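start.cif (mmCIF, C-alpha atoms and all ligand atoms)
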data_query
loop_
_atom_site.label_atom_id
_atom_site.label_comp_id
_atom_site.auth_asym_id
_atom_site.auth_seq_id
_atom_site.Cartn_x
_atom_site.Cartn_y
_atom_site.Cartn_z
CA MET A 1 0.00 0.00 0.00
CA MET A 2 1.57 3.29 1.00
CA ARG A 3 4.25 2.20 -1.49
CA GLN A 4 1.51 1.44 -4.01
CA ASP A 5 -2.13 2.44 -3.97
CA HIS A 6 -3.68 -0.99 -3.70
CA LEU A 7 -3.58 -3.23 -0.65
CA VAL A 8 -3.59 -6.81 -1.89
CA ALA A 9 -1.13 -8.58 0.41
CA ALA A 10 0.41 -8.01 3.82
CA GLY A 11 3.88 -8.29 2.31
CA GLN A 12 3.40 -4.77 0.94
CA LEU A 13 3.38 -3.35 4.44
CA SER A 14 6.62 -2.23 6.03
CA ARG A 15 6.86 -1.78 9.76
CA ALA A 16 6.60 1.98 9.23
CA ASP A 17 3.44 1.55 7.11
CA VAL A 18 1.83 -0.57 9.81
CA GLU A 19 2.75 1.89 12.53
CA ARG A 20 1.32 4.74 10.49
CA VAL A 21 -2.01 2.97 10.10
CA LEU A 22 -2.16 1.90 13.75
CA ASP A 23 -1.29 5.36 15.05
CA ARG A 24 -3.97 6.88 12.85
CA ALA A 25 -6.40 4.17 13.99
CA ALA A 26 -5.70 5.07 17.61
CA GLU A 27 -6.72 8.67 16.82
CA PHE A 28 -9.95 7.49 15.21
CA ASP A 29 -10.54 5.13 18.12
CA ALA A 30 -10.28 8.04 20.54
CA ALA A 31 -12.57 10.20 18.39
CA LEU A 32 -15.16 7.42 18.21
CA SER A 33 -14.99 6.93 21.97
CA ALA A 34 -15.47 10.67 22.42
CA GLY A 35 -18.73 10.23 20.52
CA GLY A 36 -17.64 11.66 17.16
CA GLY A 37 -18.94 15.18 16.66
CA GLU A 38 -16.15 17.74 16.31
CA ALA A 39 -13.58 15.06 17.01
CA LEU A 40 -14.68 13.34 13.83
CA PRO A 41 -15.40 15.75 10.97
CA ALA A 42 -16.87 14.34 7.73
CA ARG A 43 -13.66 13.94 5.74
CA TYR A 44 -14.89 12.38 2.52
CA PRO A 45 -18.42 13.60 1.72
CA GLU A 46 -17.77 13.27 -2.02
CA THR A 47 -16.06 9.90 -1.90
CA VAL A 48 -17.72 6.57 -2.68
CA LEU A 49 -16.41 3.17 -1.66
CA ALA A 50 -17.63 0.06 -3.52
CA LEU A 51 -18.09 -3.22 -1.67
CA CYS A 52 -17.81 -6.24 -3.94
CA PHE A 53 -18.19 -9.41 -1.88
CA TYR A 54 -18.33 -12.69 -3.76
CA GLU A 55 -18.21 -14.65 -0.50
CA PRO A 56 -20.11 -14.36 2.79
CA SER A 57 -18.98 -11.69 5.25
CA THR A 58 -20.31 -10.06 8.37
CA ARG A 59 -17.47 -8.23 10.08
CA THR A 60 -15.30 -7.27 7.15
CA LYS A 61 -18.09 -5.87 5.03
CA MET A 62 -20.01 -4.16 7.81
CA SER A 63 -16.90 -2.64 9.37
CA PHE A 64 -15.70 -1.25 6.03
CA GLU A 65 -19.15 0.23 5.53
CA THR A 66 -19.22 1.64 9.04
CA ALA A 67 -15.69 3.01 8.67
CA MET A 68 -16.53 4.75 5.41
CA LYS A 69 -19.69 6.26 6.88
CA ARG A 70 -17.87 7.42 10.01
CA LEU A 71 -15.47 9.24 7.67
CA GLY A 72 -18.48 10.99 6.17
CA GLY A 73 -18.20 8.98 2.94
CA GLN A 74 -20.62 6.94 0.86
CA VAL A 75 -20.88 3.24 0.13
CA VAL A 76 -22.27 1.25 -2.80
CA ASP A 77 -22.70 -2.46 -2.37
CA MET A 78 -22.72 -4.96 -5.23
CA GLY A 79 -24.91 -7.23 -3.12
CA GLY A 80 -24.46 -10.97 -3.13
CA VAL A 81 -23.29 -12.89 -6.14
CA ASP A 82 -26.83 -14.07 -6.81
CA ALA A 83 -28.15 -10.51 -6.85
CA SER A 84 -25.55 -9.19 -9.29
CA SER A 85 -24.56 -9.79 -12.90
CA VAL A 86 -22.01 -12.30 -11.70
CA SER A 87 -24.87 -14.78 -11.87
CA LYS A 88 -25.18 -13.92 -15.59
CA GLY A 89 -21.57 -14.92 -16.15
CA GLU A 90 -19.80 -11.55 -16.00
CA SER A 91 -16.05 -11.77 -15.43
CA LEU A 92 -14.39 -10.19 -12.42
CA ALA A 93 -12.30 -7.98 -14.70
CA ASP A 94 -15.41 -6.56 -16.37
CA THR A 95 -17.21 -6.05 -13.07
CA VAL A 96 -14.37 -4.09 -11.47
CA ARG A 97 -13.91 -1.93 -14.56
CA VAL A 98 -17.58 -1.02 -14.40
CA VAL A 99 -17.55 -0.49 -10.63
CA GLU A 100 -14.56 1.82 -10.93
CA GLY A 101 -16.84 4.15 -12.86
CA TYR A 102 -19.12 4.42 -9.84
CA ALA A 103 -16.68 4.51 -6.95
CA ASP A 104 -13.33 5.87 -5.76
CA GLY A 105 -12.15 2.64 -4.16
CA VAL A 106 -13.06 -1.03 -4.29
CA VAL A 107 -13.13 -3.53 -1.43
CA LEU A 108 -13.08 -7.00 -2.93
CA ARG A 109 -13.63 -10.44 -1.44
CA HIS A 110 -13.47 -13.36 -3.81
CA PRO A 111 -13.08 -17.14 -3.52
CA ARG A 112 -10.17 -17.25 -5.99
CA GLU A 113 -6.63 -16.77 -4.77
CA GLY A 114 -5.02 -13.87 -6.60
CA ALA A 115 -8.39 -12.24 -7.45
CA ALA A 116 -7.58 -8.88 -5.84
CA LYS A 117 -4.16 -8.71 -7.47
CA MET A 118 -5.74 -9.41 -10.83
CA ALA A 119 -8.52 -6.84 -10.26
CA ALA A 120 -5.92 -4.24 -9.30
CA GLU A 121 -4.35 -4.62 -12.73
CA PHE A 122 -7.56 -3.50 -14.40
CA VAL A 123 -8.40 -0.38 -12.38
CA ASP A 124 -6.73 2.79 -11.13
CA ALA A 125 -8.91 3.22 -8.06
CA PRO A 126 -7.40 1.61 -4.95
CA VAL A 127 -8.38 -2.03 -4.53
CA ILE A 128 -8.39 -3.49 -1.02
CA ASN A 129 -8.20 -7.25 -0.78
CA ALA A 130 -10.82 -8.30 1.76
CA GLY A 131 -9.94 -11.97 1.29
CA ASP A 132 -8.93 -13.90 -1.85
CA GLY A 133 -9.69 -17.57 -1.31
CA ALA A 134 -7.01 -19.15 0.84
CA GLY A 135 -4.64 -16.31 -0.04
CA GLN A 136 -4.48 -13.09 1.96
CA HIS A 137 -6.61 -10.79 4.10
CA PRO A 138 -4.38 -7.80 4.84
CA SER A 139 -6.92 -5.40 6.36
CA GLN A 140 -7.75 -8.09 8.92
CA THR A 141 -4.03 -8.19 9.69
CA LEU A 142 -4.00 -4.48 10.44
CA LEU A 143 -6.78 -4.85 12.97
CA ASP A 144 -5.10 -7.94 14.40
CA LEU A 145 -1.88 -5.98 14.84
CA TYR A 146 -3.77 -3.10 16.41
CA THR A 147 -5.35 -5.52 18.88
CA ILE A 148 -2.00 -7.15 19.67
CA ARG A 149 -0.35 -3.77 20.14
CA GLU A 150 -3.05 -2.69 22.58
CA ALA A 151 -3.14 -5.95 24.52
CA ALA A 152 0.42 -7.24 24.55
CA GLY A 153 2.63 -4.85 22.58
CA LEU A 154 4.35 -5.71 19.33
CA ASP A 155 7.89 -5.83 20.70
CA ASP A 156 9.40 -9.13 21.71
CA LEU A 157 6.09 -10.85 21.05
CA THR A 158 5.64 -14.60 21.37
CA ILE A 159 2.54 -15.70 19.49
CA GLY A 160 0.92 -19.08 18.89
CA ILE A 161 -1.21 -19.35 15.77
CA VAL A 162 -3.55 -22.32 15.91
CA GLY A 163 -5.96 -24.14 13.64
CA ASP A 164 -6.26 -24.09 9.87
CA LEU A 165 -2.93 -22.70 8.79
CA LYS A 166 -3.25 -24.12 5.30
CA TYR A 167 -6.42 -22.41 4.14
CA GLY A 168 -6.60 -19.59 6.72
CA ARG A 169 -5.90 -16.39 4.83
CA THR A 170 -5.85 -14.28 8.00
CA VAL A 171 -2.96 -16.46 9.18
CA HIS A 172 -0.97 -16.01 5.98
CA SER A 173 -1.26 -12.24 6.14
CA LEU A 174 -0.64 -11.98 9.87
CA ALA A 175 2.45 -14.19 9.81
CA THR A 176 3.93 -12.19 6.94
CA ALA A 177 3.33 -8.89 8.71
CA LEU A 178 4.77 -10.18 11.98
CA THR A 179 8.14 -10.74 10.31
CA GLU A 180 8.45 -6.94 10.30
CA PHE A 181 8.28 -7.03 14.10
CA ASP A 182 10.65 -9.98 14.64
CA ALA A 183 7.93 -11.88 16.50
CA HIS A 184 8.59 -15.38 17.82
CA MET A 185 6.00 -17.44 15.98
CA HIS A 186 4.68 -20.87 16.89
CA PHE A 187 2.34 -22.56 14.43
CA VAL A 188 0.06 -25.27 15.78
CA SER A 189 -2.03 -27.43 13.44
CA PRO A 190 -2.73 -30.96 12.36
CA GLU A 191 -0.05 -32.12 9.93
CA SER A 192 -2.53 -31.87 7.03
CA LEU A 193 -3.23 -28.19 7.75
CA ARG A 194 0.34 -26.91 8.05
CA LEU A 195 1.28 -23.54 6.68
CA PRO A 196 1.59 -23.75 2.88
CA ARG A 197 5.11 -24.18 1.58
CA SER A 198 4.98 -20.81 -0.20
CA VAL A 199 4.17 -18.99 3.06
CA ARG A 200 6.89 -20.88 4.95
CA PHE A 201 9.30 -19.95 2.21
CA ASP A 202 8.39 -16.26 2.45
CA LEU A 203 8.74 -16.32 6.23
CA HIS A 204 12.16 -17.95 6.03
CA GLU A 205 13.23 -15.45 3.40
CA ALA A 206 12.19 -12.65 5.74
CA GLY A 207 14.40 -14.20 8.44
CA ALA A 208 11.46 -15.16 10.66
CA GLU A 209 11.84 -17.33 13.69
CA LEU A 210 9.10 -19.94 13.38
CA ARG A 211 8.39 -23.32 14.88
CA GLU A 212 5.70 -25.83 13.97
CA HIS A 213 3.82 -28.05 16.42
CA THR A 214 0.85 -30.38 16.51
CA GLU A 215 -0.09 -29.82 20.19
CA ILE A 216 -1.06 -26.54 21.84
CA ASP A 217 0.22 -27.70 25.21
CA ASP A 218 3.79 -27.74 23.90
CA VAL A 219 3.83 -23.97 23.50
CA LEU A 220 1.02 -22.50 25.56
CA PRO A 221 2.99 -21.49 28.68
CA ASP A 222 5.36 -19.32 26.58
CA LEU A 223 2.70 -17.36 24.72
CA ASP A 224 1.73 -13.70 25.01
CA VAL A 225 -0.95 -14.14 22.34
CA LEU A 226 -2.90 -17.19 21.21
CA TYR A 227 -4.47 -16.60 17.78
CA VAL A 228 -7.14 -19.21 17.13
CA THR A 229 -8.68 -19.86 13.71
CA ARG A 230 -11.65 -21.72 12.29
CA ILE A 231 -11.10 -24.78 10.14
CA GLN A 232 -12.03 -23.36 6.71
CA ARG A 233 -14.59 -25.98 5.77
CA GLU A 234 -15.57 -24.26 2.52
CA ARG A 235 -12.02 -24.62 1.13
CA PHE A 236 -11.75 -28.38 1.56
CA PRO A 237 -12.00 -30.22 -1.75
CA ASP A 238 -13.43 -33.20 0.15
CA GLU A 239 -15.91 -33.18 3.07
CA ASP A 240 -14.36 -36.38 4.50
CA GLU A 241 -11.02 -34.61 4.81
CA TYR A 242 -12.77 -31.82 6.74
CA GLN A 243 -14.42 -34.32 9.08
CA LYS A 244 -11.00 -35.77 9.94
CA VAL A 245 -9.81 -32.45 11.38
CA ALA A 246 -13.10 -30.84 12.50
CA GLY A 247 -13.05 -30.02 16.19
CA GLU A 248 -9.31 -30.71 16.37
CA PHE A 249 -8.44 -27.75 18.58
CA GLN A 250 -10.93 -26.59 21.16
CA ILE A 251 -9.74 -24.04 23.65
CA ASP A 252 -11.41 -24.11 27.04
CA ALA A 253 -10.58 -23.14 30.60
CA GLU A 254 -8.67 -26.38 31.05
CA THR A 255 -6.49 -25.69 28.01
CA LEU A 256 -5.68 -22.26 29.37
CA ALA A 257 -4.79 -23.47 32.86
CA ALA A 258 -1.10 -23.52 31.91
CA ALA A 259 -1.19 -20.10 30.21
CA LYS A 260 0.40 -16.87 31.39
CA GLU A 261 -2.01 -14.84 33.45
CA ASP A 262 -2.03 -12.08 30.86
CA LEU A 263 -2.33 -14.29 27.78
CA THR A 264 -4.43 -12.61 25.08
CA VAL A 265 -6.73 -14.93 23.13
CA MET A 266 -7.69 -13.72 19.66
CA HIS A 267 -9.83 -15.08 16.81
CA PRO A 268 -10.75 -13.34 13.54
CA LEU A 269 -14.27 -14.81 13.94
CA PRO A 270 -16.61 -16.40 13.06
CA ARG A 271 -15.89 -19.17 15.54
CA VAL A 272 -17.57 -22.52 15.32
CA ASP A 273 -16.41 -24.52 18.32
CA GLU A 274 -12.75 -23.50 18.63
CA ILE A 275 -13.20 -21.39 21.75
CA ASP A 276 -15.48 -22.39 24.58
CA PRO A 277 -17.90 -19.53 25.36
CA ASP A 278 -16.80 -19.85 29.00
CA ILE A 279 -13.61 -18.07 27.96
CA ASP A 280 -15.59 -15.04 26.72
CA ASP A 281 -15.94 -13.50 30.15
CA THR A 282 -12.32 -13.99 31.16
CA ASP A 283 -9.60 -11.35 30.84
CA HIS A 284 -7.95 -13.51 28.19
CA ALA A 285 -10.72 -12.97 25.62
CA SER A 286 -9.96 -10.22 23.12
CA TYR A 287 -11.84 -11.44 20.07
CA PHE A 288 -14.86 -9.18 20.36
CA GLU A 289 -12.62 -6.19 21.00
CA GLN A 290 -10.60 -7.35 17.99
CA ALA A 291 -13.74 -7.30 15.81
CA HIS A 292 -14.67 -3.83 17.08
CA ASN A 293 -11.20 -2.59 16.20
CA GLY A 294 -12.12 -3.23 12.57
CA VAL A 295 -13.83 0.15 12.41
CA PRO A 296 -11.06 2.55 13.54
CA VAL A 297 -8.41 0.51 11.73
CA ARG A 298 -10.35 0.48 8.46
CA MET A 299 -11.05 4.20 8.88
CA ALA A 300 -7.28 4.73 9.11
CA LEU A 301 -6.62 2.54 6.10
CA LEU A 302 -9.24 4.26 3.96
CA ASP A 303 -8.06 7.69 5.09
CA LEU A 304 -4.48 6.94 4.07
CA LEU A 305 -5.50 5.37 0.75
CA PHE A 306 -7.79 8.22 -0.21
CA GLN A 307 -5.28 10.87 0.88
CA ASN A 308 -2.65 9.22 -1.31
CA HIS A 309 -5.03 9.03 -4.18
CA GLU A 310 -6.22 12.63 -4.21
C1 LIG A 401 -12.06 -14.55 8.27
C2 LIG A 401 -12.05 -14.68 6.76
O1 LIG A 401 -13.04 -14.38 6.09
O2 LIG A 401 -10.99 -15.05 6.26
N1 LIG A 401 -13.14 -13.80 8.73
C3 LIG A 401 -12.99 -12.44 8.86
O3 LIG A 401 -12.79 -11.74 7.90
N2 LIG A 401 -13.01 -11.93 10.10
C4 LIG A 401 -11.88 -15.82 9.00
C5 LIG A 401 -12.81 -16.96 8.74
O4 LIG A 401 -13.72 -16.91 7.92
O5 LIG A 401 -12.62 -18.00 9.42
#
So, in terms of structure tokens, how does the structure I just supplied come out?
Amino acid sequence: MMRQDHLVAAGQLSRADVERVLDRAAEFDAALSAGGGEALPARYPETVLALCFYEPSTRTKMSFETAMKRLGGQVVDMGGVDASSVSKGESLADTVRVVEGYADGVVLRHPREGAAKMAAEFVDAPVINAGDGAGQHPSQTLLDLYTIREAAGLDDLTIGIVGDLKYGRTVHSLATALTEFDAHMHFVSPESLRLPRSVRFDLHEAGAELREHTEIDDVLPDLDVLYVTRIQRERFPDEDEYQKVAGEFQIDAETLAAAKEDLTVMHPLPRVDEIDPDIDDTDHASYFEQAHNGVPVRMALLDLLFQNHE
């Protein structure tokens, strides 16, 4: 981003870029807490953001919409795939070229890996990748980093990332970004859901310190942050393969007994059964806060993208 106008992968973000977004987000967070008003002038009354979601979304779509509206801007929404011309067979390239005529920026979620990168080649307006299949989800990473910074700090961080590391796009983006902060990363998954080779390669290239495990207990006592993910059922080519790993990691009070007192538990949500609701009321739980952080962080991201693009 910052270096380019589109945000398609977390690898684009330097440490300085991340810090710029998070610092700006903290200002928006404070303004939102103050109740808006003078603290939050309408910055972009003439600016329209297009939401093109080819896959289900609650948090990402609604928080982008909320963020844009809190900035005083406008939103147009393609609606679901069934409601749009996608169902008539229109290509993604054609759709984004048309949408660019209506809007000043495009937020795109698509089941195909590489979709946002491809779309960005067809349009001048900034494209934000809101998830491309099992690829990347860089705006989620920014709010994850914001949450980590608030809860545990980003320096000398030891983080455990658990669950579906193969198909989990939030994991791929987060791990890449954490190399900028020299985090100690532990990856916990069933053997069949290990981090993809390409991601491991990128992490090694970036000089990351990473370890892989199959049991949470092996690493839990060392962790500052435990980042839990959903097994991405919709990405499995075969339902039987999903059933073999479904319910593999379930975090409950017993699991956390060996954790540091100030362990932060995160999850991009939605959760299925990975975190016992009993954890929700403990001081460990940060996942709802994490989801709420989507608004100030996406405000910061949009603000920086639109400023750059003026
Ligand atoms: C994630 C996603 O869509 O990749 N959700 C989100 O954006 N918060 C995680 C998931 O679906 O499991």
Hey, which bits of chain A sit within 8 Å of ligand LIG 401 (chain A), and for each residue what's the closest pair of atoms and how far apart in Å (one decimal), counting all atoms listed in the file, rows by chain and increasing number, as CSV?
residue,atom,partner,partner_atom,distance
A:Pro56,CA,A:LIG401,O1,7.8
A:Ser57,CA,A:LIG401,O1,6.6
A:Thr58,CA,A:LIG401,C3,7.7
A:Arg59,CA,A:LIG401,N2,5.8
A:Thr60,CA,A:LIG401,O3,5.2
A:Ala130,CA,A:LIG401,O3,7.3
A:Gly131,CA,A:LIG401,O2,5.9
A:Ala134,CA,A:LIG401,O2,7.9
A:His137,CA,A:LIG401,O2,6.5
A:Gln140,CA,A:LIG401,O3,6.3
A:Gly168,CA,A:LIG401,O2,6.3
A:Arg169,CA,A:LIG401,O2,5.5
A:Thr170,CA,A:LIG401,O2,5.5
A:Thr229,CA,A:LIG401,O5,6.1
A:Arg230,CA,A:LIG401,O5,4.8
A:Ile231,CA,A:LIG401,O5,7.0
A:Gln232,CA,A:LIG401,O5,6.0
A:Pro268,CA,A:LIG401,N2,4.4
A:Leu269,CA,A:LIG401,N2,5.0
A:Pro270,CA,A:LIG401,O5,5.6
A:Arg271,CA,A:LIG401,O5,7.0
A:Ala291,CA,A:LIG401,N2,7.4
- Task: Identify, on the basis of all atoms listed in the file, every residue whose closest approach to segment 147-158 of chain A does not exceed 9 Å; exclude the query and any residue fewer than 6 positions from it along the same chain; express the result as a PyMOL selection string.
- Result: chain A and resi 22+178+181-186+222-226+262-264+266+286-287+289-290+293
Which residues are close to Ile275 of chain A, i.e. within 7 Å by all atoms listed in the file, leaving aside same-chain residues fewer than 6 positions away? Reply as a PDB file with C-alpha atoms, keeping the file's coordinate frame.
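Just written: result-v1.pdb:
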ATOM      1  CA  GLN A 250     -10.930 -26.590  21.160  1.00  0.00           C
ATOM      2  CA  ILE A 251      -9.740 -24.040  23.650  1.00  0.00           C
ATOM      3  CA  ASP A 252     -11.410 -24.110  27.040  1.00  0.00           C
TER       4      ASP A 252
END
- Would you kindly return, as a PyMOL selection string, each protein, DNA or RNA residue with an atom no farther than 6 Å from any atom of Gly72 of chain A, considering all atoms listed in the file and excluding same-chain residues fewer than 2 positions away? chain A and resi 42-45+69-70
- For Val48 of chain A: contacts at 8 Å, only C-alpha atoms, fewer than 2 positions along chain excluded, given as a PyMOL selection string: chain A and resi 46+50+73-76+102-105
Counting all atoms listed in the file, closest pick from A:Ala26, A:Ile279, A:Leu108, A:Ala206 relative to Pro126 of chain A is A:Leu108
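For the residues A:Gly294, A:Gly37, A:Gly114, A:Gly160, ranking by smallest atom-to-atom distance to Leu220 of chain A using all atoms listed in the file places A:Gly160 first.
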Mind rebuilding segment 223-233 of chain A with all heavy atoms and writing that out as an mmCIF file, in the coordinates of the input?
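selection-v1.cif written:
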data_model
loop_
_atom_site.group_PDB
_atom_site.id
_atom_site.type_symbol
_atom_site.label_atom_id
_atom_site.label_comp_id
_atom_site.auth_asym_id
_atom_site.auth_seq_id
_atom_site.Cartn_x
_atom_site.Cartn_y
_atom_site.Cartn_z
ATOM 1 N N LEU A 223 3.357 -18.311 25.626
ATOM 2 C CA LEU A 223 2.700 -17.360 24.720
ATOM 3 C C LEU A 223 2.218 -16.074 25.388
ATOM 4 O O LEU A 223 1.684 -16.099 26.493
ATOM 5 C CB LEU A 223 1.500 -18.026 24.051
ATOM 6 C CG LEU A 223 1.772 -19.301 23.258
ATOM 7 C CD1 LEU A 223 0.472 -19.813 22.641
ATOM 8 C CD2 LEU A 223 2.820 -19.063 22.175
ATOM 9 N N ASP A 224 2.385 -14.963 24.643
ATOM 10 C CA ASP A 224 1.730 -13.700 25.010
ATOM 11 C C ASP A 224 0.360 -13.618 24.334
ATOM 12 O O ASP A 224 -0.573 -13.037 24.872
ATOM 13 C CB ASP A 224 2.575 -12.505 24.538
ATOM 14 C CG ASP A 224 3.980 -12.551 25.089
ATOM 15 O OD1 ASP A 224 4.124 -12.720 26.314
ATOM 16 O OD2 ASP A 224 4.943 -12.442 24.301
ATOM 17 N N VAL A 225 0.299 -14.173 23.106
ATOM 18 C CA VAL A 225 -0.950 -14.140 22.340
ATOM 19 C C VAL A 225 -1.206 -15.529 21.755
ATOM 20 O O VAL A 225 -0.291 -16.169 21.229
ATOM 21 C CB VAL A 225 -0.861 -13.109 21.178
ATOM 22 C CG1 VAL A 225 -2.080 -13.224 20.257
ATOM 23 C CG2 VAL A 225 -0.731 -11.683 21.715
ATOM 24 N N LEU A 226 -2.462 -15.951 21.866
ATOM 25 C CA LEU A 226 -2.900 -17.190 21.210
ATOM 26 C C LEU A 226 -3.925 -16.776 20.159
ATOM 27 O O LEU A 226 -4.985 -16.229 20.494
ATOM 28 C CB LEU A 226 -3.537 -18.129 22.241
ATOM 29 C CG LEU A 226 -4.110 -19.436 21.704
ATOM 30 C CD1 LEU A 226 -3.003 -20.333 21.168
ATOM 31 C CD2 LEU A 226 -4.877 -20.179 22.808
ATOM 32 N N TYR A 227 -3.592 -17.006 18.886
ATOM 33 C CA TYR A 227 -4.470 -16.600 17.780
ATOM 34 C C TYR A 227 -5.119 -17.860 17.218
ATOM 35 O O TYR A 227 -4.463 -18.699 16.605
ATOM 36 C CB TYR A 227 -3.624 -15.889 16.714
ATOM 37 C CG TYR A 227 -4.400 -15.231 15.593
ATOM 38 C CD1 TYR A 227 -4.720 -13.874 15.660
ATOM 39 C CD2 TYR A 227 -4.798 -15.937 14.463
ATOM 40 C CE1 TYR A 227 -5.412 -13.248 14.630
ATOM 41 C CE2 TYR A 227 -5.491 -15.310 13.428
ATOM 42 C CZ TYR A 227 -5.792 -13.975 13.520
ATOM 43 O OH TYR A 227 -6.473 -13.336 12.491
ATOM 44 N N VAL A 228 -6.412 -17.987 17.472
ATOM 45 C CA VAL A 228 -7.140 -19.210 17.130
ATOM 46 C C VAL A 228 -7.898 -18.985 15.819
ATOM 47 O O VAL A 228 -8.435 -17.896 15.589
ATOM 48 C CB VAL A 228 -8.148 -19.561 18.254
ATOM 49 C CG1 VAL A 228 -8.811 -20.904 17.988
ATOM 50 C CG2 VAL A 228 -7.455 -19.566 19.615
ATOM 51 N N THR A 229 -7.934 -20.016 14.970
ATOM 52 C CA THR A 229 -8.680 -19.860 13.710
ATOM 53 C C THR A 229 -9.644 -21.015 13.491
ATOM 54 O O THR A 229 -9.462 -22.104 14.038
ATOM 55 C CB THR A 229 -7.729 -19.793 12.487
ATOM 56 O OG1 THR A 229 -6.999 -21.034 12.393
ATOM 57 C CG2 THR A 229 -6.742 -18.645 12.619
ATOM 58 N N ARG A 230 -10.630 -20.738 12.669
ATOM 59 C CA ARG A 230 -11.650 -21.720 12.290
ATOM 60 C C ARG A 230 -11.082 -22.642 11.197
ATOM 61 O O ARG A 230 -10.351 -22.179 10.323
ATOM 62 C CB ARG A 230 -12.849 -20.925 11.737
ATOM 63 C CG ARG A 230 -13.998 -21.716 11.194
ATOM 64 C CD ARG A 230 -15.094 -20.744 10.692
ATOM 65 N NE ARG A 230 -14.696 -19.994 9.511
ATOM 66 C CZ ARG A 230 -14.865 -20.412 8.253
ATOM 67 N NH1 ARG A 230 -15.443 -21.569 8.009
ATOM 68 N NH2 ARG A 230 -14.475 -19.665 7.240
ATOM 69 N N ILE A 231 -11.442 -23.899 11.261
ATOM 70 C CA ILE A 231 -11.100 -24.780 10.140
ATOM 71 C C ILE A 231 -11.978 -24.340 8.954
ATOM 72 O O ILE A 231 -13.204 -24.261 9.074
ATOM 73 C CB ILE A 231 -11.370 -26.277 10.481
ATOM 74 C CG1 ILE A 231 -10.739 -26.676 11.827
ATOM 75 C CG2 ILE A 231 -10.903 -27.186 9.349
ATOM 76 C CD1 ILE A 231 -9.257 -26.864 11.861
ATOM 77 N N GLN A 232 -11.349 -24.013 7.836
ATOM 78 C CA GLN A 232 -12.030 -23.360 6.710
ATOM 79 C C GLN A 232 -12.755 -24.408 5.851
ATOM 80 O O GLN A 232 -12.331 -24.745 4.739
ATOM 81 C CB GLN A 232 -11.028 -22.576 5.869
ATOM 82 C CG GLN A 232 -10.152 -21.609 6.682
ATOM 83 C CD GLN A 232 -10.850 -20.313 7.023
ATOM 84 O OE1 GLN A 232 -11.219 -19.548 6.126
ATOM 85 N NE2 GLN A 232 -11.064 -20.055 8.308
ATOM 86 N N ARG A 233 -13.854 -24.867 6.385
ATOM 87 C CA ARG A 233 -14.590 -25.980 5.770
ATOM 88 C C ARG A 233 -14.836 -25.771 4.271
ATOM 89 O O ARG A 233 -14.716 -26.699 3.464
ATOM 90 C CB ARG A 233 -15.932 -26.093 6.495
ATOM 91 C CG ARG A 233 -16.781 -27.225 6.033
ATOM 92 C CD ARG A 233 -18.061 -27.289 6.848
ATOM 93 N NE ARG A 233 -18.704 -28.572 6.719
ATOM 94 C CZ ARG A 233 -19.570 -29.052 7.588
ATOM 95 N NH1 ARG A 233 -19.903 -28.361 8.657
ATOM 96 N NH2 ARG A 233 -20.120 -30.234 7.396
#
